[in-house]
Amino acid sequence: MKLQVLVDNNTFIDCYYLGEPGASYYIEDGPAKILFDTGYSDIFIKNAQDMGIDLGAITHIVLSHGHNDHTGGLKALAERFDLSQTRLIAHSLCFAPKWAHEGYIGAPFDTAQVMGKFSCTLTREPYWITENCCFLGEIPESNDFETRRKLGEMDVDGRRVDDFLLDDTAMAVRTGEGIFIITGCSHSGICNIVEQAKKVFHTEKIAGIIGGFHLFKTDGRLERTIDYLSGLAASHMYPCHCVSLKAKAEMMKRMDVEEVGVGLALEQPPAFSSSD
């Protein structure tokens with residue numbers, strides 16, 4: 001697995017890319033070339049060009065959830081490239097219009113529009129992209145400290161309802177060190193996401209995690225999250241995007257937390273085949 005950060009809140013010093021409060025990653029797993037989230041605007045396209053990445057050649061688009069800081073760039077992508085044969089994978093509620101106190105916060109397309117532009121798989125179930133890479137589907141609540149919280153409202157079947165972010169999910173890749181998990185915002189709970197990955201991949205071994213953990217306050221939830229994550233003994237921990245400095249500081253007391261910024265490139269050893 002190879003991963004490059006196209007969008008994050010931060011950029012590295014002496015790496016002259018653009019940043020914004022969003023997330024986007026480019027991932028290669030064997031022949032699959034995957035765009036995970038598209039950030040808030042079109043800057044992921046410019047960053048990809050500057051990194052020598054051809055987004056016109058991507059085979060899959062995976063969306064973590066329907067908020068505009070993760071789907072906003074989808075419109076620019078569709079305008080720039082012919083991706084009618086590209087497989088777009090997301091939860092079935094990802095393109096439901098979403099609203100909060102600041103106004104519209106959903107994706108630039110509704111479900112009907114996106115299905116007209118991409119080859120779509122919209123599902124609540126896990127979906128295997130390659131032999132070793134999986135979209136995790138709807139995330140069950142496995143931990144009592146990570147119950148879902150309402151964040152705005154969404155339109156479903158012509159009705160405005162409370163949005164508990166059921167569409168929030170992640171993807172994971174099996175590597176030679178264990179499962180590597182890629183998240184968007186983890187509204188579903190980062191520990192719940194890890195439990196789902198363990199279940200889907202039938203293993204307890206977590207190699208690492210990158211993405212937003214949606215942790216801001218130094219409270220009981222953060223403390224129990226750190227207890228859980230430190231117990232994983234994962235070699236690579238990259239909290240970013242929607243994780244506060246104070247939360248990272250608390251995490252660093254118990255774990256080796258790595259810095260993340262646009263331009264970060266990671267490579268995980270390939271998974272062992274059944275013949276190894």
# chains A, B, ... in the order shown; residues from 1 in each chain; ligands from 1
>>> select_by_dssp(residues="segment 79-275 of chain A", states="alpha helix (DSSP H)", output="ChimeraX atom specification")
/A:79-80,111-117,190-201,220-232,245-252
>>> residues_around(residues="Tyr26 of chain A", least_positions_apart="4", cutoff="10 Å", atoms="only C-alpha atoms", output="list in words")
Lys2, Leu3, Gln4, Val5, Leu6, Val7, Lys33, Ile34, Leu35, Phe36, Asp37, Thr38, Phe44, Ala48, Ile53, Leu55, Ile58, Ile61 and Ala265 of chain A
>>> write_last_selection(atoms="N, CA, C and O atoms", output="compact mmCIF listing (two decimals), in the first residue's frame")
# COMPACT_ATOMS: atom_id res chain seq x y z
N LYS A 2 0.52 2.19 -0.86
CA LYS A 2 1.16 3.50 -0.87
C LYS A 2 0.07 4.55 -0.64
O LYS A 2 -1.02 4.45 -1.20
N LEU A 3 0.36 5.55 0.18
CA LEU A 3 -0.61 6.61 0.48
C LEU A 3 0.08 7.96 0.45
O LEU A 3 1.19 8.11 1.00
N GLN A 4 -0.57 8.93 -0.18
CA GLN A 4 -0.08 10.31 -0.19
C GLN A 4 -1.21 11.23 0.25
O GLN A 4 -2.36 11.10 -0.19
N VAL A 5 -0.88 12.17 1.13
CA VAL A 5 -1.86 13.13 1.64
C VAL A 5 -1.99 14.27 0.64
O VAL A 5 -1.04 15.02 0.42
N LEU A 6 -3.19 14.39 0.05
CA LEU A 6 -3.46 15.46 -0.92
C LEU A 6 -4.04 16.70 -0.25
O LEU A 6 -3.81 17.82 -0.72
N VAL A 7 -4.81 16.51 0.81
CA VAL A 7 -5.41 17.63 1.53
C VAL A 7 -5.40 17.32 3.02
O VAL A 7 -5.75 16.22 3.45
N LYS A 33 -6.07 2.31 -7.92
CA LYS A 33 -5.64 3.68 -7.65
C LYS A 33 -6.85 4.40 -7.08
O LYS A 33 -7.81 4.70 -7.80
N ILE A 34 -6.81 4.68 -5.78
CA ILE A 34 -7.99 5.08 -5.03
C ILE A 34 -7.85 6.51 -4.53
O ILE A 34 -6.84 6.88 -3.93
N LEU A 35 -8.89 7.31 -4.78
CA LEU A 35 -8.99 8.64 -4.18
C LEU A 35 -9.95 8.53 -3.00
O LEU A 35 -11.13 8.20 -3.18
N PHE A 36 -9.43 8.78 -1.80
CA PHE A 36 -10.26 8.73 -0.59
C PHE A 36 -10.56 10.15 -0.16
O PHE A 36 -9.68 10.88 0.29
N ASP A 37 -11.81 10.57 -0.33
CA ASP A 37 -12.29 11.91 -0.04
C ASP A 37 -11.66 12.94 -0.99
O ASP A 37 -10.64 12.69 -1.63
N THR A 38 -12.33 14.10 -1.08
CA THR A 38 -11.91 15.10 -2.07
C THR A 38 -11.71 16.49 -1.48
O THR A 38 -11.63 17.48 -2.21
N PHE A 44 -7.09 19.76 -4.04
CA PHE A 44 -6.49 18.42 -4.11
C PHE A 44 -6.04 18.10 -5.52
O PHE A 44 -5.09 17.32 -5.72
N ALA A 48 -2.26 17.20 -6.32
CA ALA A 48 -1.96 15.93 -6.99
C ALA A 48 -1.08 16.15 -8.21
O ALA A 48 -0.11 15.41 -8.45
N ILE A 53 0.74 12.98 -9.61
CA ILE A 53 -0.34 11.99 -9.55
C ILE A 53 -1.39 12.33 -10.60
O ILE A 53 -1.88 13.47 -10.64
N LEU A 55 -4.93 12.09 -11.53
CA LEU A 55 -6.25 11.73 -11.01
C LEU A 55 -7.19 11.24 -12.10
O LEU A 55 -8.21 10.63 -11.80
N ILE A 58 -7.48 7.35 -11.82
CA ILE A 58 -7.95 6.65 -10.62
C ILE A 58 -9.01 5.61 -11.01
O ILE A 58 -9.80 5.80 -11.92
N ILE A 61 -13.14 5.90 -6.28
CA ILE A 61 -13.31 7.01 -5.35
C ILE A 61 -14.05 6.46 -4.14
O ILE A 61 -15.11 5.85 -4.28
N ALA A 265 3.95 11.09 2.57
CA ALA A 265 3.86 9.86 1.78
C ALA A 265 4.19 8.68 2.69
O ALA A 265 5.19 8.69 3.40
>>> residues_around(residues="Gln268 of chain A", least_positions_apart="5", cutoff="8 Å", atoms="only C-alpha atoms", output="list of chain:residue names")
A:Met1, A:Lys2, A:Thr175, A:Gly176, A:Glu177
>>> closest_residue(among="A:Lys150, A:His187, A:Lys198, A:Arg254", to="Arg224 of chain A", atoms="only C-alpha atoms")
A:Arg254
>>> residues_around(residues="segment 132-146 of chain A", least_positions_apart="5", cutoff="8 Å", atoms="only C-alpha atoms", output="PyMOL selection string")
chain A and resi 29+62+89-91+123-127+166-175+188-189+191-193+195-197+200+221+224+271
>>> closest_atom_pairs(of="segment 75-139 of chain A", to="segment 67-70 of chain A", cutoff="9 Å", atoms="only C-alpha atoms", output="Markdown table")
| residue | atom | partner | partner_atom | distance |
| --- | --- | --- | --- | --- |
| A:Cys94 | CA | A:His67 | CA | 8.1 |
| A:Phe95 | CA | A:His67 | CA | 8.9 |
| A:Lys98 | CA | A:His67 | CA | 7.4 |
| A:Tyr104 | CA | A:Asn68 | CA | 8.6 |
| A:Ile105 | CA | A:Asn68 | CA | 5.3 |
| A:Gly106 | CA | A:His67 | CA | 4.7 |
| A:Ala107 | CA | A:Asn68 | CA | 5.2 |
| A:Pro108 | CA | A:Asn68 | CA | 7.5 |
>>> select_by_dssp(residues="segment 162-256 of chain A", states="strand (DSSP E or B)", output="ChimeraX atom specification")
/A:162,170-175,178-183,206-212,215,236-240,243
>>> residues_around(residues="Trp99 of chain A", least_positions_apart="2", cutoff="10 Å", atoms="only C-alpha atoms", output="list in words")
His67, Ala96, Pro97, His101, Glu102, Gly103, Tyr104, Ile105, Gly106, Leu151, Gly152, Glu153, Met154, Asp155, Arg160, Val161, Asp162 and Asp163 of chain A
>>> write_last_selection(atoms="N, CA, C and O atoms", output="mmCIF file, in the first residue's frame")
data_model
loop_
_atom_site.group_PDB
_atom_site.id
_atom_site.type_symbol
_atom_site.label_atom_id
_atom_site.label_comp_id
_atom_site.auth_asym_id
_atom_site.auth_seq_id
_atom_site.Cartn_x
_atom_site.Cartn_y
_atom_site.Cartn_z
ATOM 1 N N HIS A 67 -20.186 15.093 4.356
ATOM 2 C CA HIS A 67 -19.934 16.495 4.666
ATOM 3 C C HIS A 67 -19.067 17.160 3.592
ATOM 4 O O HIS A 67 -18.238 16.505 2.945
ATOM 5 N N ALA A 96 -27.352 12.296 0.818
ATOM 6 C CA ALA A 96 -28.539 12.960 1.349
ATOM 7 C C ALA A 96 -28.167 14.403 1.683
ATOM 8 O O ALA A 96 -27.147 14.638 2.326
ATOM 9 N N PRO A 97 -28.952 15.391 1.248
ATOM 10 C CA PRO A 97 -28.632 16.789 1.580
ATOM 11 C C PRO A 97 -28.529 16.992 3.092
ATOM 12 O O PRO A 97 -29.362 16.502 3.859
ATOM 13 N N HIS A 101 -26.343 24.707 11.438
ATOM 14 C CA HIS A 101 -26.675 26.096 11.741
ATOM 15 C C HIS A 101 -26.028 27.073 10.764
ATOM 16 O O HIS A 101 -26.553 28.158 10.503
ATOM 17 N N GLU A 102 -24.885 26.679 10.169
ATOM 18 C CA GLU A 102 -24.207 27.568 9.231
ATOM 19 C C GLU A 102 -24.736 27.450 7.812
ATOM 20 O O GLU A 102 -24.269 28.131 6.900
ATOM 21 N N GLY A 103 -25.713 26.579 7.594
ATOM 22 C CA GLY A 103 -26.295 26.408 6.264
ATOM 23 C C GLY A 103 -26.048 25.022 5.704
ATOM 24 O O GLY A 103 -25.917 24.039 6.449
ATOM 25 N N TYR A 104 -25.965 24.930 4.380
ATOM 26 C CA TYR A 104 -25.793 23.633 3.716
ATOM 27 C C TYR A 104 -24.376 23.118 3.924
ATOM 28 O O TYR A 104 -23.399 23.841 3.687
ATOM 29 N N ILE A 105 -24.249 21.875 4.378
ATOM 30 C CA ILE A 105 -22.918 21.303 4.634
ATOM 31 C C ILE A 105 -22.742 19.951 3.939
ATOM 32 O O ILE A 105 -21.828 19.190 4.267
ATOM 33 N N GLY A 106 -23.628 19.646 2.983
ATOM 34 C CA GLY A 106 -23.585 18.346 2.332
ATOM 35 C C GLY A 106 -22.753 18.321 1.067
ATOM 36 O O GLY A 106 -22.026 19.272 0.747
ATOM 37 N N LEU A 151 -25.488 15.797 14.545
ATOM 38 C CA LEU A 151 -24.766 16.928 13.982
ATOM 39 C C LEU A 151 -25.603 17.448 12.809
ATOM 40 O O LEU A 151 -25.491 16.969 11.691
ATOM 41 N N GLY A 152 -26.472 18.379 13.095
ATOM 42 C CA GLY A 152 -27.304 18.950 12.057
ATOM 43 C C GLY A 152 -28.460 18.054 11.659
ATOM 44 O O GLY A 152 -28.876 17.160 12.409
ATOM 45 N N GLU A 153 -28.954 18.294 10.450
ATOM 46 C CA GLU A 153 -30.096 17.555 9.922
ATOM 47 C C GLU A 153 -29.820 17.145 8.487
ATOM 48 O O GLU A 153 -28.904 17.656 7.841
ATOM 49 N N MET A 154 -30.617 16.203 7.981
ATOM 50 C CA MET A 154 -30.498 15.805 6.585
ATOM 51 C C MET A 154 -31.884 15.543 6.011
ATOM 52 O O MET A 154 -32.850 15.299 6.748
ATOM 53 N N ASP A 155 -31.976 15.604 4.686
ATOM 54 C CA ASP A 155 -33.225 15.348 3.989
ATOM 55 C C ASP A 155 -33.242 13.906 3.505
ATOM 56 O O ASP A 155 -32.360 13.494 2.744
ATOM 57 N N ARG A 160 -37.118 16.256 6.612
ATOM 58 C CA ARG A 160 -35.947 16.759 7.318
ATOM 59 C C ARG A 160 -35.848 16.020 8.657
ATOM 60 O O ARG A 160 -36.763 16.087 9.478
ATOM 61 N N VAL A 161 -34.746 15.282 8.866
ATOM 62 C CA VAL A 161 -34.576 14.477 10.073
ATOM 63 C C VAL A 161 -33.234 14.784 10.712
ATOM 64 O O VAL A 161 -32.322 15.304 10.070
ATOM 65 N N ASP A 162 -33.092 14.450 12.001
ATOM 66 C CA ASP A 162 -31.812 14.608 12.691
ATOM 67 C C ASP A 162 -30.747 13.732 12.031
ATOM 68 O O ASP A 162 -31.022 12.593 11.635
ATOM 69 N N ASP A 163 -29.552 14.264 11.914
ATOM 70 C CA ASP A 163 -28.447 13.536 11.286
ATOM 71 C C ASP A 163 -27.480 13.030 12.361
ATOM 72 O O ASP A 163 -26.803 13.816 13.023
#
>>> closest_residue(among="A:Leu266, A:Ala32, A:Leu232, A:Cys240", to="Trp128 of chain A", atoms="only C-alpha atoms")
A:Ala32
>>> atom_distance(atom1="atom CA of Ile210 of chain A", atom2="atom CA of Met237 of chain A")
6.4 Å
>>> residues_around(residues="Ser235 of chain A", least_positions_apart="2", cutoff="10 Å", atoms="only C-alpha atoms", output="JSON, numbers by chain")
{"A": [177, 178, 180, 206, 207, 208, 209, 232, 233, 237, 255, 256, 257]}
>>> write_last_selection(atoms="C-alpha atoms", output="short mmCIF file (atom, residue, chain, number, x, y, z; two decimals), in the first residue's frame")
data_model
loop_
_atom_site.label_atom_id
_atom_site.label_comp_id
_atom_site.auth_asym_id
_atom_site.auth_seq_id
_atom_site.Cartn_x
_atom_site.Cartn_y
_atom_site.Cartn_z
CA GLU A 177 2.24 -5.46 9.47
CA GLY A 178 -1.51 -5.79 9.97
CA PHE A 180 -3.90 0.00 8.11
CA ILE A 206 -3.63 -3.05 13.65
CA ALA A 207 -0.60 -1.63 11.83
CA GLY A 208 -1.69 1.99 11.91
CA ILE A 209 -4.37 4.64 11.46
CA LEU A 232 -3.65 -1.59 20.09
CA ALA A 233 0.15 -1.22 20.10
CA MET A 237 -0.58 6.61 14.45
CA MET A 255 1.52 6.82 22.10
CA ASP A 256 4.02 7.68 19.40
CA VAL A 257 1.92 10.15 17.40
#
>>> atom_distance(atom1="atom CA of Glu259 of chain A", atom2="atom CA of Ser64 of chain A")
21.3 Å
>>> residues_around(residues="Phe12 of chain A", least_positions_apart="5", cutoff="9 Å", atoms="only C-alpha atoms", output="list in words")
Tyr17, Glu259, Val260, Gly261, Val262, Gly263 and Leu264 of chain A
>>> write_last_selection(atoms="N, CA and C atoms", output="compact mmCIF listing (two decimals), in the first residue's frame")
# COMPACT_ATOMS: atom_id res chain seq x y z
N TYR A 17 2.65 23.05 -0.99
CA TYR A 17 1.33 22.63 -1.43
C TYR A 17 0.29 23.50 -0.73
N GLU A 259 3.40 13.35 12.90
CA GLU A 259 2.89 14.58 12.28
C GLU A 259 2.32 14.27 10.91
N VAL A 260 1.26 15.01 10.54
CA VAL A 260 0.62 14.84 9.24
C VAL A 260 0.50 16.20 8.57
N GLY A 261 0.73 16.24 7.27
CA GLY A 261 0.53 17.44 6.47
C GLY A 261 0.45 17.07 5.01
N VAL A 262 -0.02 18.00 4.19
CA VAL A 262 -0.08 17.75 2.76
C VAL A 262 1.32 17.44 2.26
N GLY A 263 1.45 16.37 1.50
CA GLY A 263 2.74 15.93 1.00
C GLY A 263 3.29 14.71 1.72
N LEU A 264 2.70 14.36 2.87
CA LEU A 264 3.15 13.16 3.57
C LEU A 264 2.94 11.94 2.67
>>> closest_residue(among="A:Ile181, A:Leu93, A:Ile13, A:Thr111", to="Lys205 of chain A", atoms="only C-alpha atoms")
A:Ile181
>>> atom_distance(atom1="atom CA of Leu215 of chain A", atom2="atom CA of Arg148 of chain A")
13.4 Å
>>> closest_residue(among="A:His241, A:Lys46, A:His60, A:Lys246", to="Pro21 of chain A", atoms="only C-alpha atoms")
A:His241
>>> closest_residue(among="A:Glu250, A:Asp110, A:Glu267, A:Glu258", to="Tyr238 of chain A", atoms="only C-alpha atoms")
A:Glu258
